[in-house]
Every structure is written in C-alpha cells, then in structure tokens.
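Student: Sending over a structure as structure tokens; questions will come in a sec.
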Amino acid sequence: MTPKVSMVMSTYSRNHGDKHCPNLLRRALDSILGQTFKDFELVLIDDGSTDGSEQVCREYERLDSRVRLYRFKQNSGLPAKRYNDAFFLARADYFMFMFDDDMLFPNAIQDLYSAITTTHKNCGMIYGFADIVNSQTSVITNKFGGEWSLAKIRENNFLCNFTVIIKREVLNTVGGVEENPLFRRLCDWDMWVRIGEKFTVARIDKTIGIWNFNQPDSIGVKVPMTDKEKVRMRAIQRTSRVVRLQGKMGKKFRFCFAYAYSTPTLNRWNLDYPCAALKQEGIDAEVVNVSTKVGMDACEKADAVLLYRTVDSGVLDFFRKLKTRGKFLLYAVDDYIFQPGCKYATLPNNLISSFFSTADAIVAPNSKLLEKITENKTKILRRNVIDQETFNLLNPGQFTSSAPSCYAIGWLAGLNRQSVDPFIKEVLKCLDQKLGDGERVGFICFGQHGLGTFEKIKVVEHPYIAPDKWQELYREYCSFAFSAVINPLDESDEFFHCKSELKFVETGAMMVPLITSRVHPFTEVIREGENGFFASTPEEFADKALMVCRDSLLAEKVATAAHKQVKEEYNSVRNARCFMADVMEVMANTDEEIFVINDEKPVAALGNLEQFQREVVGPVADGSYIEMVIPLMPACVISSISVLGATYCRKVRTGANFQVWLNRTTMREGEMSPAIMIDNAWWKASFPPFPVGGGSTLIFRLFNCDSDVGLGFYICADQTIGRAKILSKPVQFVAMKFEIRAP
C-alpha cells in the first residue's frame with residue numbers, strides 16, 4: 001500500500017555523537033519513527049559509511065517495516081545525488097527530507113501534512129520553524145525560518161530542509177536537487193529558489209524540529225562558501241538548467257528481467273524472486289521471454305534490462321540494438337559455463353564473451369565467479385534470495401531433531417549429482433563403522449543412486465521430484481526431522497567453487513545444520529561451528545554428521561544461527577534494495593555513453609541543430625572535460641564538429657581544447673574559440689577530413705581551459721542524438737553537428 005508521505009534521509013559515517021547528543025544518527029532515526037503520524041515510509045540512504053552506520057541502519061530496518069535502506073558502496077561526496085536517488089525510489093505523493101544530524105519533534109509530519117492537504121492545499125511547498133543549536137558555542141536560536149519571499153530566498157537561505165514538505169509534482173517540475181559540485185553545501189537552498197519561481201510557498205506557525213548547527217564534520221564547516229562561489233552559484237541560478245530528475249519522479253523505473261532459454265526452476269531463483277521484490281519496492285518490474293515479440297517490446301520500453309543465462313546470436317543482435325538506444329544492460333550468469341575448457345559448458349564461449357562486452361554490468365551470485373570473468377566491466381554481486389512464501393514453506397517454526405539414537409541425515413542433491421555417488425558410499429561406510437550400539441541412521445536421498453546396504457544405516461531412496469515441482473519437493477523435505485544435511489562437492493573442480501550457496505539457504509530456512517565441502521561461496525558465508533560445518537573427506541563428513549546428531553544443543557545452536565542469517569541476509573526485499581542501489585551506482589558511473597542514431601537513416605537524423613532549447617548541462621570546471629562516445633557510425637568522412645556551449649561570464653580568455661578519437665586512436669586535436677560571447681556560443685572545430693568506417697567508435701572530448709568559464713551543452717528541440725558524460729557521470733542529451741559526406 002502506497003504511504004502518504006515519503007521521508008528521505010541520507011547518512012554518511014554518522015555513528016557518533018557530539019556534546020549535545022550521544023548518537024546523532026540514532027536520534028534522527030528515533031525522531032522519525034516516533035512520529036504521531038504513522039502512514040509514512042523512510043527511504044534511508046547509506047552513502048558508503050565506514051564507521052558502523054550501516055549496522056545501525058540495518059537494525060532499524062529490521063525493527064520497522066517502514067524503513068527502506070539502500071546502501072551505496074562508494075561515498076558520492078554529493079548529498080544532492082543521494083537525495084535525488086532517494087526521491088526517485090520514494091513512493092508517496094508528498095516528500096520530506098532531513099540530514100542525519102537533525103531531529104524532528106513528534107508532530108512534525110502531522111503538522112506539515114495537515115497544512116499542505118487542507119489549509120494550504122494550493123501550495124507546492126510548506127515549511128515551518130526550526131530550533132537551532134550551535135554545536136560549538138551551545139547558543140540556541142528559536143523559531144528560525146523567515147517569512148516567505150522569492151527575493152529574500154534568492155539572497156539568503158532561511159529554511160532548514162527538515163521543516164519542509166513538498167508535493168511530488170513540484171519535484172517532477174523542478175527536477176530534484178542540483179548535483180553540481182558547486183552547490184554541494186547549499187543544494188537545498190537552490191531547490192527552494194527553483195520551487196519558489198514556479199509554485200506558491202507558505203509558512204506555518206509550527207516548530208518542526210532541532211538542527212545541530214556548526215558541527216566540526218558537517219558540510220557547512222568542511223565546505224566553506226566564498227563570495228566568488230556565491231557569485232557563480234547565483235549566475236547559474238539565473239540560467240534554465242537541465243536537472244537530472246526533471247519529469248522522472250512521476251513515473252516508475254521500468255526494469256525487465258529477460259531470458260530466452262531457461263527453466264522455471266532457474267528462473268524462480270534468479271528472476272522471479274528479485275522481480276517480485278522490486279515490485280514491492282515500487283519498481284515497475286517484469287520477467288519476459290526475450291525471444292518473443294512481447295518480450296522484445298517490453299525490453300524496448302524498459303529503462304534497464306537484465307538478461308539471464310542466454311546465449312543466442314539473434315538475442316545478441318537485439319541486445320546490441322538496445323544498447324544503441326541507451327538502455328542500461330546487465331548480463332547475469334550463475335555458472336562457470338563461459339570458461340573455455342569447462343567440461344560442463346554446452347554454450348559457445350565466443351557468444352558469451354560478446355554478451356559480456358555489450359553489457360554495462362555483469363551480475364553473478366558468487367564473488368569467485370565474478371573474478372573469473374576477465375572483461376573490464378563493472379561486476380555486481382547478487383546473492384541468491386528467498387522470498388517470504390518459500391521461506392514460510394520451509395520454516396518449521398522451531399528447531400526439531402530426530403529421536404535419540406535414531407538419526408535422520410539428508411542428502412538433498414538431484415539426479416545431476418550422481419557423479420558424487422561413490423563419495424557418498426564411502427561416507428556411509430565410515431558412518432556405519434562409527435555408530436555405537438543402539439544407534440541407527442536413516443539416510444534420505446532423492447532418486448536412484450544405488451548406494452547399497454549397511455548394518456546400522458537404512459538408505460531411503462525417495463522418488464525423484466523434478467525441481468519445477470518445488471513446492472511438493474519442499475514439503476517432502478519438511479516431512480523429515482533431519483538431524484543434519486550433508487552436501488559433498490568436488491573441491492578440486494573450479495566449477496563447484498563458482499556455484500551459489502543454495503543449499504545453505506534451503507537448510508537454513510528449514511533450521512537444519514548443514515555440513516558441506518570447503519567450496520566457494522560456502523566458505524564466505526559459513527563460520528565453522530556457528531552456523532554450519534565443513535568437511536572434505538568421507539571420514540570427516542561422517543565425524544561431523546555424527547557429532548551433530550549426538551549433540552542436540554550444538555545442532556540447535558547452529559541451525560538457529562543459520563535460520564536467522566537466511567531470514568535476514570537472504571530476504572528478497574532487502575536484497576532487491578541492495579541490487580537497486582548497485583544498479584543506480586553503476587548507471588551513474590557508466591564508462592560508455594552512447595549516441596542514439598536513427599537505425600535506417602543515421603545521417604539524416606543529425607539534421608539541423610540551429611533550433612535549441614535553452615537548457616544548460618554542466619558546468620564543467622577548470623581542467624575538466626566532457627566526453628561523447630558515438631558507436632556504430634555509418635561509413636562517412638568527417639571534416640568538422642560543432643558544439644553549442646555556454647558560459648557564465650562576459651569575457652573568455654582561453655576557451656577550450658578538443659580531441660577527436662577514432663577507435664581509441666587520436667585523429668585530431670586543437671583549440672576551440674567561441675565566436676560570440678554573451679550568453680552562449682558555437683564552438684566549431686575544423687580540420688582535414690578523415691574517413692570513418694562503418695561500425696567504428698568516434699570519441700569527442702572538450703576540455704575547459706579557463707577557470708572563469710563553465711562549459712555546458714544545450715539540448716536540441718527535436719533531435720534525439722545521444723547522451724554525454726561529465727567526468728564519467730552521465731547527464732542529458734547533447735547537441736552536436738557533424739559536417740559529413742559519403743565516403
């Protein structure tokens with residue numbers, strides 16, 4: 001059910017306090033979750049904390065289902081970026097946000113929500129007062145928050161961000177928070193200005209909370225604002241800017257999980273569970289067969305596409321087509337099948353490599369498997385997950401064990417593990433010899449394995465149940481009161497080190513101790529004697545199994561710890577949040593930004609770029625550059641490139657330098673001088689013509705050489721040419737003009 005208000009908060013290494021509070025992060029979280037108004041969600045962003053803040057956030061996420069934690073591995077250095085990420089993931093029609101050193105009074109959300117939905121429902125934004133505590137001097141200022149005036153807010157910021165509530169349609173219109181590094185300290189002030197220019201704003205006579213001002217590690221202290229920077233900020237504010245989230249927070253992010261040749265069982269773990277979890281997070285996600293027209297159409301409409309375990313030349317062509325249209329592409333594998341010489345591989349290695357090279361990121365459930373992939377691509381670790389329905393099906397409710405001296409030991413492998421049969425026979429021989437007088441074992445396996453007969457062990461070869469009948473299979477698992485489950489694998493075979501820890505997930509949900517071979521990733525997730533056991537030889541498997549069967553207290557301790565770990569760490573919703581954070585982080589740092597060129601008439605699509613909208617992307621500071629990558633160009637000859645740039649001052653001393661690369665080789669370079677320098681100008685680079693063959697990659701770089709100039713680009717009114725990146729950060733469409741002729 002969609003909440004009425006989305007509270008968003010970003011934190012970074014705030015697991016400490018100051019002299020006014022023992023722990024500011026906990027104080028902020030407690031003040032949010034203790035609100036009298038209950039119908040809200042907290043979209044909590046951990047921006048790469050390294051001081052234990054993540055553990056604090058996880059604790060609150062477990063305690064309150066309204067908390068949705070998204071953890072980014074790398075600190076962005078830009079609060080605006082993480083707040084935009086949070087706004088994008090938020091689901092409500094009204095937004096509030098705060099920093100991690102603020103504190104709300106109990107009626108804060110209620111006061112603001114009531115005002116914007118009743119007495120001030122025609123306003124786009126409502127704000128109240130704040131009490132300010134100077135963390136250095138302990139001076140307290142009550143009821144901070146001036147009377148609203150657009151002229152006054154342009155001159156100085158008099159709002160605390162946690163005192164504000166904003167309608168979703170407002171953020172859709174103004175485009176979220178400015179991510180320009182120049183606005184790092186005052187990004188919220190810039191947003192108040194942009195909102196005030198387009199919407200009615202009002203103040204209510206309520207004090208919303210407390211701001212601990214002037215902390216030593218705060219941005220306000222660490223990032224001083226000079227007069228020169230203020231002049232630049234105000235100059236930028238006078239321009240009409242393209243902001244990253246403009247018009248996007250009103251629509252859901254569309255994600256396609258695609259496959260062509262897979263099985264329902266594989267899809268369930270790798271596609272169905274994560275897809276369903278993303279839906280719960282407000283993402284428009286679906287599983288599609290990419291070999292069908294319906295599936296292709298869905299991928300064409302998606303923002304991101306994850307292709308799972310598919311190797312097909314036709315699908316590869318479609319995958320590349322999606323790439324040229326600016327889709328963010330992920331390729332997922334869960335086996336070692338791509339490695340040359342792998343005895344289990346049935347797929348063409350060259351095709352798999354082509355999918356790897358086309359994708360923006362590669363996804364796998366095993367870190368060692370990701371290490372084996374040599375392509376220089378971003379790699380995302382996504383563990384196997386278990387949804388609540390499956391967890392509940394396997395969950396016994398409490399630890400159970402077999403009757404004393406009569407133990408049930410399970411081997412839950414399918415028929416595809418018959419190569420392990422000789423090893424299992426040796427385990428049973430050792431176990432049979434070690435059992436004492438009166439001790440008996442029922443050994444349960446599935447399918448015909450021909451394990452033989454033993455004196456004290458009864459082998460029960462349960463009829464094989466196909467994996468697609470997983471609910472029936474799991475009910476059979478649960479019908480046995482297993483004392484332990486063994487999972488022998490060939491430790492010398494690299495293939496088995498690159499699988500998922502599915503048996504740990506299943507037995508953990510069942511609350512049964514697992515004894516497994518020392519293969520990756522079990523060695524990453526199991527701690528010997530705490531949540532499971534390792535064994536390598538038949539005798540070691542027999543000894544560990546017998547130890548667990550005889551010591552019910554040890555078995556219960558280990559099984560309970562594994563159960564708790566699976567419930568918390570393999571929860572599909574929690575992992576969907578981790579996965580979405582990884583995807584968003586990769587999307588913001590993609591190395592390759594592609595131009596979208598009309599497939600049938602690529603030259604004609606370049607068209608006349610003289611008509612443009614006055615929306616600036618940038619600026620690019622002194623010494624930085626903008627790079628544009630144009631793949632799949634038709635064969636042609638290029639003699640010049642023109643770029644529409646923007647400046648924020650009247651005089652320019654040096655202008656810019658340019659480089660043109662073809663297939664990573666420098667072809668042309670030189671200086672670019674603006675023709676007219678008022679508010680905007682064309683930079684035109686002319687040079688001796690050079691040919692571009694079909695399928696080549698052209699790279700154009702524009703370097704800023706003047707500290708007084710902010711380079712930027714305008715969007716053309718009716719041209720969809722492509723995307724650019726600023727310092728490896730993708731932004732918006734760019735206007736470029738090529739003088740080209742047929743080869």
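Residue numbering restarts at 1 for every chain of the structure tokens, chains are lettered A, B, ... in their displayed order, and ligands are numbered from 1 as they appear.
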Any chance you could list, as a ChimeraX atom specification, the residues in stretch 223-416 of chain A that come up alpha helix (DSSP H) when DSSP is run on the backbone?
Tutor: /A:227-237,264-267,273-280,293-301,313-324,349-358,367-372,388-394
Student: Need the shell around stretch 277-287 of chain A: protein/DNA/RNA residues with any atom at most 7 Å away, counting only C-alpha atoms. Skip same-chain ones fewer than 3 positions apart. Format as a ChimeraX atom specification?
Tutor: /A:91,252-258,271-274,572-573,576
Student: Show me, as a PyMOL selection string, the residues that have an atom within 9 Å of stretch 140-143 of chain A when counting only C-alpha atoms, minus same-chain residues fewer than 4 positions from it.
Tutor: chain A and resi 128-134+206-207
Student: Please save N, CA and C atoms of the selected residues as a JSON list (two decimals), in the first residue's frame.
Tutor:
[["chain", "number", "residue", "atom", "x", "y", "z"],
["A", 128, "GLY", "N", 7.98, 25.09, 8.10],
["A", 128, "GLY", "CA", 7.77, 25.61, 9.44],
["A", 128, "GLY", "C", 9.07, 26.14, 10.02],
["A", 129, "PHE", "N", 9.09, 26.31, 11.34],
["A", 129, "PHE", "CA", 10.27, 26.84, 12.02],
["A", 129, "PHE", "C", 11.19, 25.70, 12.47],
["A", 130, "ALA", "N", 12.42, 26.08, 12.83],
["A", 130, "ALA", "CA", 13.37, 25.15, 13.42],
["A", 130, "ALA", "C", 14.06, 25.81, 14.60],
["A", 131, "ASP", "N", 14.37, 25.02, 15.62],
["A", 131, "ASP", "CA", 15.23, 25.48, 16.69],
["A", 131, "ASP", "C", 16.66, 25.07, 16.35],
["A", 132, "ILE", "N", 17.61, 26.00, 16.47],
["A", 132, "ILE", "CA", 18.99, 25.74, 16.07],
["A", 132, "ILE", "C", 19.89, 25.75, 17.30],
["A", 133, "VAL", "N", 20.73, 24.70, 17.39],
["A", 133, "VAL", "CA", 21.73, 24.62, 18.45],
["A", 133, "VAL", "C", 23.10, 24.69, 17.81],
["A", 134, "ASN", "N", 23.90, 25.71, 18.17],
["A", 134, "ASN", "CA", 25.27, 25.83, 17.68],
["A", 134, "ASN", "C", 26.14, 24.82, 18.42],
["A", 206, "LYS", "N", 4.52, 26.57, 13.18],
["A", 206, "LYS", "CA", 4.83, 25.36, 13.92],
["A", 206, "LYS", "C", 6.35, 25.17, 13.92],
["A", 207, "THR", "N", 6.90, 24.75, 15.04],
["A", 207, "THR", "CA", 8.32, 24.40, 15.10],
["A", 207, "THR", "C", 8.46, 22.91, 14.83]]
Student: Compare A:Asp190, A:Asp297, A:Asp46, A:Glu524 by their minimum atom-to-atom distance to A:Gln74, counting only C-alpha atoms, and give me the closest one.
Tutor: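 Using only C-alpha atoms, the shortest distance to A:Gln74 belongs to A:Asp46.
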Student: Find the residue from A:Ser13, A:Asn23, A:Gln388, A:Ser65 that sits nearest to A:Asp51; use only C-alpha atoms when measuring.
Tutor: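 With only C-alpha atoms as the atom set, the closest residue is A:Ser13.
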Student: Do you know which residues are at most 6 Å from A:Ile126 counting only C-alpha atoms, after dropping those on the same chain fewer than 3 positions away, and could you put them as a list in words?
Tutor: Val164, Ile165, Val201, Ala202 and Arg203 of chain A
Student: Please determine, counting only C-alpha atoms, which residue among A:Ala260, A:Val177, A:Leu435, A:Cys478 has the shortest atom-to-atom distance to A:Pro79.
Tutor: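 Using only C-alpha atoms, A:Pro79 sits closest to A:Val177.
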Student: Neighbouring residues of A:His520 were defined as those with any atom within 9 Å, considering only C-alpha atoms; residues of the same chain fewer than 5 positions away were excluded. Please report them as a list of chain:residue names.
Tutor: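 Result of the neighbour search: A:Asn366, A:Ser367, A:Lys368, A:Phe496, A:His497, A:Cys498, A:Lys499, A:Ser500, A:Glu501, A:Val525.
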